[in-house]
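Working notes, beginning with the structure itself.
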Amino acid sequence: MTDNGVNSDPAIVVRELRRRFGKQQVLDGVNLDCPRNQITTIVGPSGCGKTVLLKHLNLLLRPDFGQIIIDGVEVTRLGSRGIDAVREKFGMLFQAGALFDSMSVFDNVAFPLVEKTNLTREQIAARVYEILKQVGLQGMEQKYPSELSGGMQKRTALARALIRRPKILMLDEPTTGLDPTRTAAIHELVRDTQQRFGLSAVMVSHDVPQVFEVSDRVAFMHLGKIELSGTVAEVMASDSENFKSFLAGRASGEEEGPASQIIATVGR
Amino acid sequence: MRIIERLGEAVIEGIVALGNFVLFLLSALLYTFAPPYKPRLLIRQLRTIGAESFFLVGLIGLFTGMVLGLQGYNTLRRFGSEGALGTVVALVLVRELGPVLAALMVTARAGSAMAAEIGAMQATEQVDALTVMAINPVQYLVSPRVLAGVISFPLLTCMFDVIGIWGGYAVGVGLMGAPSGSFFNGIVQNMGGHDIAIGLYKALVFGMVVMWVCCYKGYHAARMATGVSRATTDAVVLSSVLILAWDYFMTSILL
C-alpha cells in the first residue's frame with residue numbers, strides 16, 4: 001500500500017460478497033483488498049468462482065449480498081447512471097479479447113473514444129497511434145482481428161482497454177490460449193503498462209506459478225472464498241493445504257475441468 | 001406432488017421468459033428515442049435490412065405476381081371475367097402476399113444473419129465488452145435494427161407489390177391475352193387507400209416483430225457455437241410463425 005495521503009485507500013475493496021446461481025453458492029463471502037498502483041492476481045482451481053468475482057467487480061453481475069467499493073464508491077446499489085460513471089474509471093481485458101470482429105484494429109481501439117467522448121478525428125487518431133505503439137502494434141491499424149495472431153489480439157484488446165486512460169485495469173485470464181513465450185510477453189506487457197500508467201490492476205489467471213513473477217499481491221480463491229491473500233512471498237510461504245495441492249495440481253499439468261465452463265455460461 | 005411442482009415451475013419459467021421477451025422490445029423501443037442518437041448505426045442497418053434485401057424481394061415479387069397472373073387468368077376465364085384479373089392480382093398482392101412474403105424473405109435473409117451475428121457477439125463477450133465500456137448493448141445493437149425494420153419493411157412491401165403487379169400484367173395480359181385496358185382500370189376502380197393502408201400496417205408490424213424476435217434470440221443465445229446455431233433456427237422459425245399468425249389476426253381486425 002502507498003502512503004501518499006489521499007490515495008492510500010485500496011482501489012477496490014470487497015466485503016462479504018455472496019452470490020448464488022440456482023442451488024450453487026458460487027461466491028460465499030468474498031473479502032478482498034486490491035491496493036492502488038499494484039497488480040493483484042486472483043488464482044484458484046477451476047470453478048472456484050474467480051471469473052464470477054471479476055464479473056462482479058466490472059459490474060456485469062450484481063451480488064445477492066455484500067459490498068464492493070471501487071475507487072471510494074460503493075457500487076452494489078448504484079443506478080445505471082452511477083454504474084456508467086464508475087465504468088469510466090476502469091478498462092477491461094476480456095479472456096478472448098472480445099474485439100469487434102467487424103472492425104479494424106484502429107476502429108476497435110478508437111471505439112471507446114468515438115462513442116464516449118467529443119474528441120475530434122485527429123485527436124482520436126493521435127491517441128490510437130500512440131497507444132498502439134506502446135503495445136507494439138505499429139503498422140497493424142488496418143488489419144482485422146481475424147488476421148491477427150492470438151497475442152496480437154490480446155495486445156489490441158489491451159490497447160482498447162487503456163485508450164480512455166483508466167485508473168484501474170481488470171484482466172480476465174489474459175494469457176488463455178497463448179504459448180509460453182507469448183504468455184511471458186503478455187505478462188511483461190501488463191507489468192510494463194501498469195507501471196507506465198500507474199494503474200491498479202486486478203487479474204484473474206490460471207498461469208500459476210508464472211503469473212507470480214509479475215504480481216504484487218496474490219489472492220487464492222477456493223470454494224467461493226478468498227482463502228489466502230497477501231504479497232507473493234507471503235502467499236508462497238503459507239502452509240495452506242488447499243493452496244499447496246492447487247500448486248501441485250498445476251505443476252503436474254492438470255487441465256481445466258468442465259466446472260469453469262458452467263460458471264462461464266451461468267455468468268450473465 | 002412432484003408433477004405439480006414441475007408443472008408449476010414450467011409455467012413460472014414460461015411466464016418469466018415471456019415477460020423478458022416483452023421487456024426486451026419495450027427497452028429497445030424506449031432506447032430508440034433516448035440520446036445519444038447514432039444515425040450512422042441506423043443507416044448501416046437500413047442498408048443491411050432494406051437495400052441489400054431489395055433484389056431478393058423484387059425477384060420473389062416478380063414470380064409471385066407472374067404465378068398470380070397465370071392462375072388468376074385460368075380461374076377467371078371459367079367465369080368469363082378475365083377483365084377482373086388486374087383487380088385480383090393487385091388486391092391479393094397489396095393486402096396479403098406483399099407484406100407476408102416480403103417479411104418472410106427478409107427474415108430468411110437478414111433476420112437469420114442478425115440472430116447469428118448478435119449470438120456470436122454474445123458468445124465472444126463482445127456484448128459484455130460494450131456494457132463494460134458503458135455503452136448500452138440494447139441501444140447500440142437492437143434499437144437501430146428494430147427501427148430499421150419498421151422503416152424498411154413497408155418500403156420493401158411497396159416494391160414487392162409494384163413489381164408483382166407488373167409480373168401479373170406480363171403473364172396475364174402479355175402471355176395469356178387478358179384485356180390490357182381493364183387490367184389497370186380495374187385496379188384503379190376497385191383498390192382504395194384502405195387496401196394499401198392494410199398492407200402497410202401489416203408490413204410495419206412485421207418489421208418490428210421480425211427484428212424483435214431475431215435480436216432477442218441472438219441476444220439470449222447460449223454462449224457456444226451450438227447456442228448460436230440454435231438461436232438462428234429459433235429466430236427464423238418463431239419469426240415465420242408470428243408473421244403468419246399476426247397476419248391472420250390483423251386481417252380479421254382490419255378487414
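Note on naming: chains are A, B, ... as they come in the C-alpha cells, residues start from 1 per chain, ligands start from 1 in the order shown.
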
**Request:** Name all residues at most 10 Å from range 75-83 of chain A (count only C-alpha atoms; drop same-chain ones fewer than 5 positions away) and give them as a ChimeraX atom specification.
**Result:** /A:56-70,88 /B:132,134,136

Prev. selection, N, CA and C atoms, output as a short mmCIF file (atom, residue, chain, number, x, y, z; two decimals), in the first residue's frame:
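Generated output (out-v5.cif):
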```cif
data_model
loop_
_atom_site.label_atom_id
_atom_site.label_comp_id
_atom_site.auth_asym_id
_atom_site.auth_seq_id
_atom_site.Cartn_x
_atom_site.Cartn_y
_atom_site.Cartn_z
N HIS A 56 -18.39 -9.44 -11.03
CA HIS A 56 -18.99 -8.53 -10.05
C HIS A 56 -18.17 -7.24 -9.96
N LEU A 57 -16.85 -7.39 -10.07
CA LEU A 57 -16.00 -6.19 -9.98
C LEU A 57 -16.22 -5.27 -11.17
N ASN A 58 -16.45 -5.86 -12.37
CA ASN A 58 -16.70 -4.97 -13.51
C ASN A 58 -18.19 -4.69 -13.71
N LEU A 59 -18.97 -5.04 -12.72
CA LEU A 59 -20.39 -4.66 -12.63
C LEU A 59 -21.26 -5.30 -13.70
N LEU A 60 -20.83 -6.43 -14.23
CA LEU A 60 -21.71 -7.16 -15.15
C LEU A 60 -22.73 -7.96 -14.37
N LEU A 61 -22.37 -8.34 -13.14
CA LEU A 61 -23.31 -9.06 -12.28
C LEU A 61 -23.50 -8.28 -10.99
N ARG A 62 -24.66 -8.49 -10.37
CA ARG A 62 -24.93 -7.86 -9.09
C ARG A 62 -24.94 -8.93 -8.00
N PRO A 63 -24.35 -8.62 -6.85
CA PRO A 63 -24.31 -9.64 -5.79
C PRO A 63 -25.65 -9.77 -5.07
N ASP A 64 -25.83 -10.92 -4.39
CA ASP A 64 -27.00 -11.06 -3.53
C ASP A 64 -26.78 -10.28 -2.24
N PHE A 65 -25.53 -10.22 -1.83
CA PHE A 65 -25.21 -9.63 -0.54
C PHE A 65 -23.75 -9.18 -0.57
N GLY A 66 -23.43 -8.13 0.19
CA GLY A 66 -22.04 -7.73 0.31
C GLY A 66 -21.78 -6.38 -0.34
N GLN A 67 -20.53 -5.94 -0.19
CA GLN A 67 -20.16 -4.61 -0.67
C GLN A 67 -18.99 -4.70 -1.64
N ILE A 68 -19.01 -3.81 -2.64
CA ILE A 68 -17.84 -3.62 -3.50
C ILE A 68 -17.58 -2.12 -3.53
N ILE A 69 -16.40 -1.71 -3.15
CA ILE A 69 -16.07 -0.29 -3.19
C ILE A 69 -14.96 -0.10 -4.22
N ILE A 70 -15.29 0.63 -5.29
CA ILE A 70 -14.32 0.88 -6.35
C ILE A 70 -13.93 2.35 -6.31
N GLU A 88 -16.34 4.35 -16.23
CA GLU A 88 -15.37 5.24 -16.88
C GLU A 88 -13.99 5.08 -16.23
N VAL B 132 -19.32 -3.02 -20.49
CA VAL B 132 -18.25 -2.54 -19.62
C VAL B 132 -17.73 -1.18 -20.09
N ALA B 134 -19.57 1.09 -20.86
CA ALA B 134 -20.68 1.99 -20.54
C ALA B 134 -21.51 2.32 -21.78
N ASN B 136 -24.79 0.99 -23.76
CA ASN B 136 -25.91 0.07 -23.57
C ASN B 136 -26.06 -0.83 -24.80
#
```

**Request:** Give me, as a PyMOL selection string, the contact residues of chain A against chain B at a cut-off of 10 Å, counting only C-alpha atoms.
**Result:** chain A and resi 55+58-60+80-81+83-101+111-112+115-116+160-161+164+261+264-266+268

Please, could you write that set of residues out with C-alpha atoms as a tab-separated table (two decimals), in the first residue's frame?
```tsv
chain	number	residue	atom	x	y	z
A	55	LYS	CA	-17.83	-10.10	-13.31
A	58	ASN	CA	-16.70	-4.97	-13.51
A	59	LEU	CA	-20.39	-4.66	-12.63
A	60	LEU	CA	-21.71	-7.16	-15.15
A	80	SER	CA	-27.39	2.78	-14.29
A	81	ARG	CA	-26.00	6.35	-14.44
A	83	ILE	CA	-22.63	2.49	-12.78
A	84	ASP	CA	-21.65	4.16	-16.05
A	85	ALA	CA	-19.69	6.77	-14.10
A	86	VAL	CA	-17.78	4.03	-12.26
A	87	ARG	CA	-17.16	2.18	-15.51
A	88	GLU	CA	-15.37	5.24	-16.88
A	89	LYS	CA	-12.71	4.56	-14.25
A	90	PHE	CA	-11.72	1.13	-15.40
A	91	GLY	CA	-10.65	-0.72	-18.51
A	92	MET	CA	-11.32	-4.39	-19.00
A	93	LEU	CA	-9.40	-7.01	-20.95
A	94	PHE	CA	-11.62	-9.99	-21.71
A	95	GLN	CA	-10.44	-13.56	-21.87
A	96	ALA	CA	-10.71	-13.94	-25.65
A	97	GLY	CA	-10.13	-10.25	-26.28
A	98	ALA	CA	-13.77	-9.56	-27.20
A	99	LEU	CA	-12.64	-7.43	-30.14
A	100	PHE	CA	-15.38	-6.36	-32.54
A	101	ASP	CA	-14.61	-8.58	-35.49
A	111	PHE	CA	-14.23	2.78	-30.44
A	112	PRO	CA	-14.47	3.90	-26.78
A	115	GLU	CA	-18.61	6.51	-28.71
A	116	LYS	CA	-17.98	8.16	-25.37
A	160	ARG	CA	-8.65	-0.68	-26.29
A	161	ALA	CA	-8.91	-1.16	-22.53
A	164	ARG	CA	-9.50	6.13	-22.14
A	261	GLN	CA	-17.41	-23.61	-18.39
A	264	ALA	CA	-18.86	-19.05	-17.72
A	265	THR	CA	-22.29	-19.80	-19.16
A	266	VAL	CA	-24.10	-19.02	-15.93
A	268	ARG	CA	-24.67	-13.32	-17.24
```

**Request:** If you run DSSP over the backbone, which residues in range 11-150 of chain B end up alpha helix (DSSP H)? Put them as a ChimeraX atom specification.
**Result:** /B:11-32,39-45,54-78,85-92,98-106,112-123,126-132,137,143-150

**Message:** List the spatial neighbours of Tyr37 in chain B as a PyMOL selection string - criterion: any atom at most 12 Å away, only C-alpha atoms, same-chain residues fewer than 3 positions off excluded.
**Reply:** (chain A and resi 115) or (chain B and resi 31-34+40-43+139-140+143-144)

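Compared by their closest atoms to Tyr73 in chain B, and using only C-alpha atoms, the residues B:Gly207, B:Pro99, B:Gly58, B:Gly172 rank with B:Gly172 nearest.
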
Could you name the residues that touch Lys225 in chain A at 6 Å or less, counting only C-alpha atoms, but leaving out those on the same chain fewer than 6 positions away, as a PDB file with C-alpha atoms, in the first residue's frame?
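Generated output (selection_22.pdb):
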```pdb
ATOM      1  CA  ASP A  28     -19.595 -17.418  -0.379  1.00  0.00           C
ATOM      2  CA  GLY A  29     -18.425 -14.347   1.488  1.00  0.00           C
ATOM      3  CA  VAL A  30     -15.502 -12.977  -0.503  1.00  0.00           C
TER       4      VAL A  30
END
```

**Message:** Would you pick out the contacts of range 231-239 of chain B at 7 Å or less, using only C-alpha atoms, so that residues sharing its chain but fewer than 3 positions from it are not included, and give the list as a ChimeraX atom specification?
**Reply:** /B:107-108,111-112,115-116,210,213-214,217-218,221,227-228,242-243

Please produce an output containing N, CA and C atoms for each residue in the selection, written as a compact mmCIF listing (two decimals), in the first residue's frame.
```txt
# COMPACT_ATOMS: atom_id res chain seq x y z
N THR B 107 -36.81 -12.11 -43.31
CA THR B 107 -36.47 -12.95 -42.16
C THR B 107 -35.37 -13.94 -42.56
N ALA B 108 -35.59 -14.58 -43.69
CA ALA B 108 -34.63 -15.60 -44.12
C ALA B 108 -33.27 -14.98 -44.43
N GLY B 111 -32.84 -11.49 -41.09
CA GLY B 111 -33.16 -11.86 -39.71
C GLY B 111 -32.26 -12.95 -39.19
N SER B 112 -32.03 -13.98 -40.02
CA SER B 112 -31.19 -15.08 -39.57
C SER B 112 -29.76 -14.59 -39.34
N ALA B 115 -29.58 -12.70 -36.01
CA ALA B 115 -29.57 -13.56 -34.83
C ALA B 115 -28.18 -14.18 -34.67
N ALA B 116 -27.60 -14.63 -35.79
CA ALA B 116 -26.29 -15.27 -35.72
C ALA B 116 -25.22 -14.26 -35.30
N VAL B 210 -40.25 -9.11 -36.56
CA VAL B 210 -39.11 -9.91 -37.05
C VAL B 210 -37.81 -9.46 -36.38
N VAL B 213 -37.82 -10.45 -32.62
CA VAL B 213 -37.58 -11.88 -32.38
C VAL B 213 -36.12 -12.24 -32.69
N CYS B 214 -35.63 -11.78 -33.84
CA CYS B 214 -34.28 -12.18 -34.25
C CYS B 214 -33.22 -11.60 -33.30
N LYS B 217 -33.50 -13.52 -29.87
CA LYS B 217 -32.94 -14.87 -29.91
C LYS B 217 -31.41 -14.82 -29.94
N GLY B 218 -30.87 -13.89 -30.73
CA GLY B 218 -29.41 -13.76 -30.78
C GLY B 218 -28.86 -13.30 -29.44
N ALA B 221 -28.72 -16.06 -26.85
CA ALA B 221 -28.16 -17.33 -27.28
C ALA B 221 -27.21 -17.86 -26.20
N GLY B 227 -25.14 -22.92 -29.44
CA GLY B 227 -26.09 -21.90 -28.98
C GLY B 227 -26.43 -20.93 -30.09
N VAL B 228 -25.41 -20.55 -30.87
CA VAL B 228 -25.63 -19.59 -31.95
C VAL B 228 -26.48 -20.21 -33.06
N LEU B 242 -44.86 -16.21 -36.23
CA LEU B 242 -45.51 -14.98 -35.76
C LEU B 242 -46.03 -14.14 -36.93
N ILE B 243 -45.28 -14.12 -38.04
CA ILE B 243 -45.74 -13.36 -39.21
C ILE B 243 -47.10 -13.88 -39.66
```

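Each of B:Ile49, B:Leu85, B:Ile4, B:Met176 was checked against Ala113 in chain B using only C-alpha atoms; the smallest atom-to-atom distance is that of B:Ile49.
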
**Request:** Would you list, as a ChimeraX atom specification, the residues of range 55-226 of chain A that end up in strand (DSSP E) under DSSP run on this structure's backbone?
**Result:** /A:65-70,73-74,90-93,168-172,200-204,217-222,225-226

**Prompt:** Do you have the CA of Asp161 in chain B-CA of Ala90 in chain B distance handy?
**Reply:**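 Pair CA of Asp161 in chain B / CA of Ala90 in chain B returns 7.5 Å.
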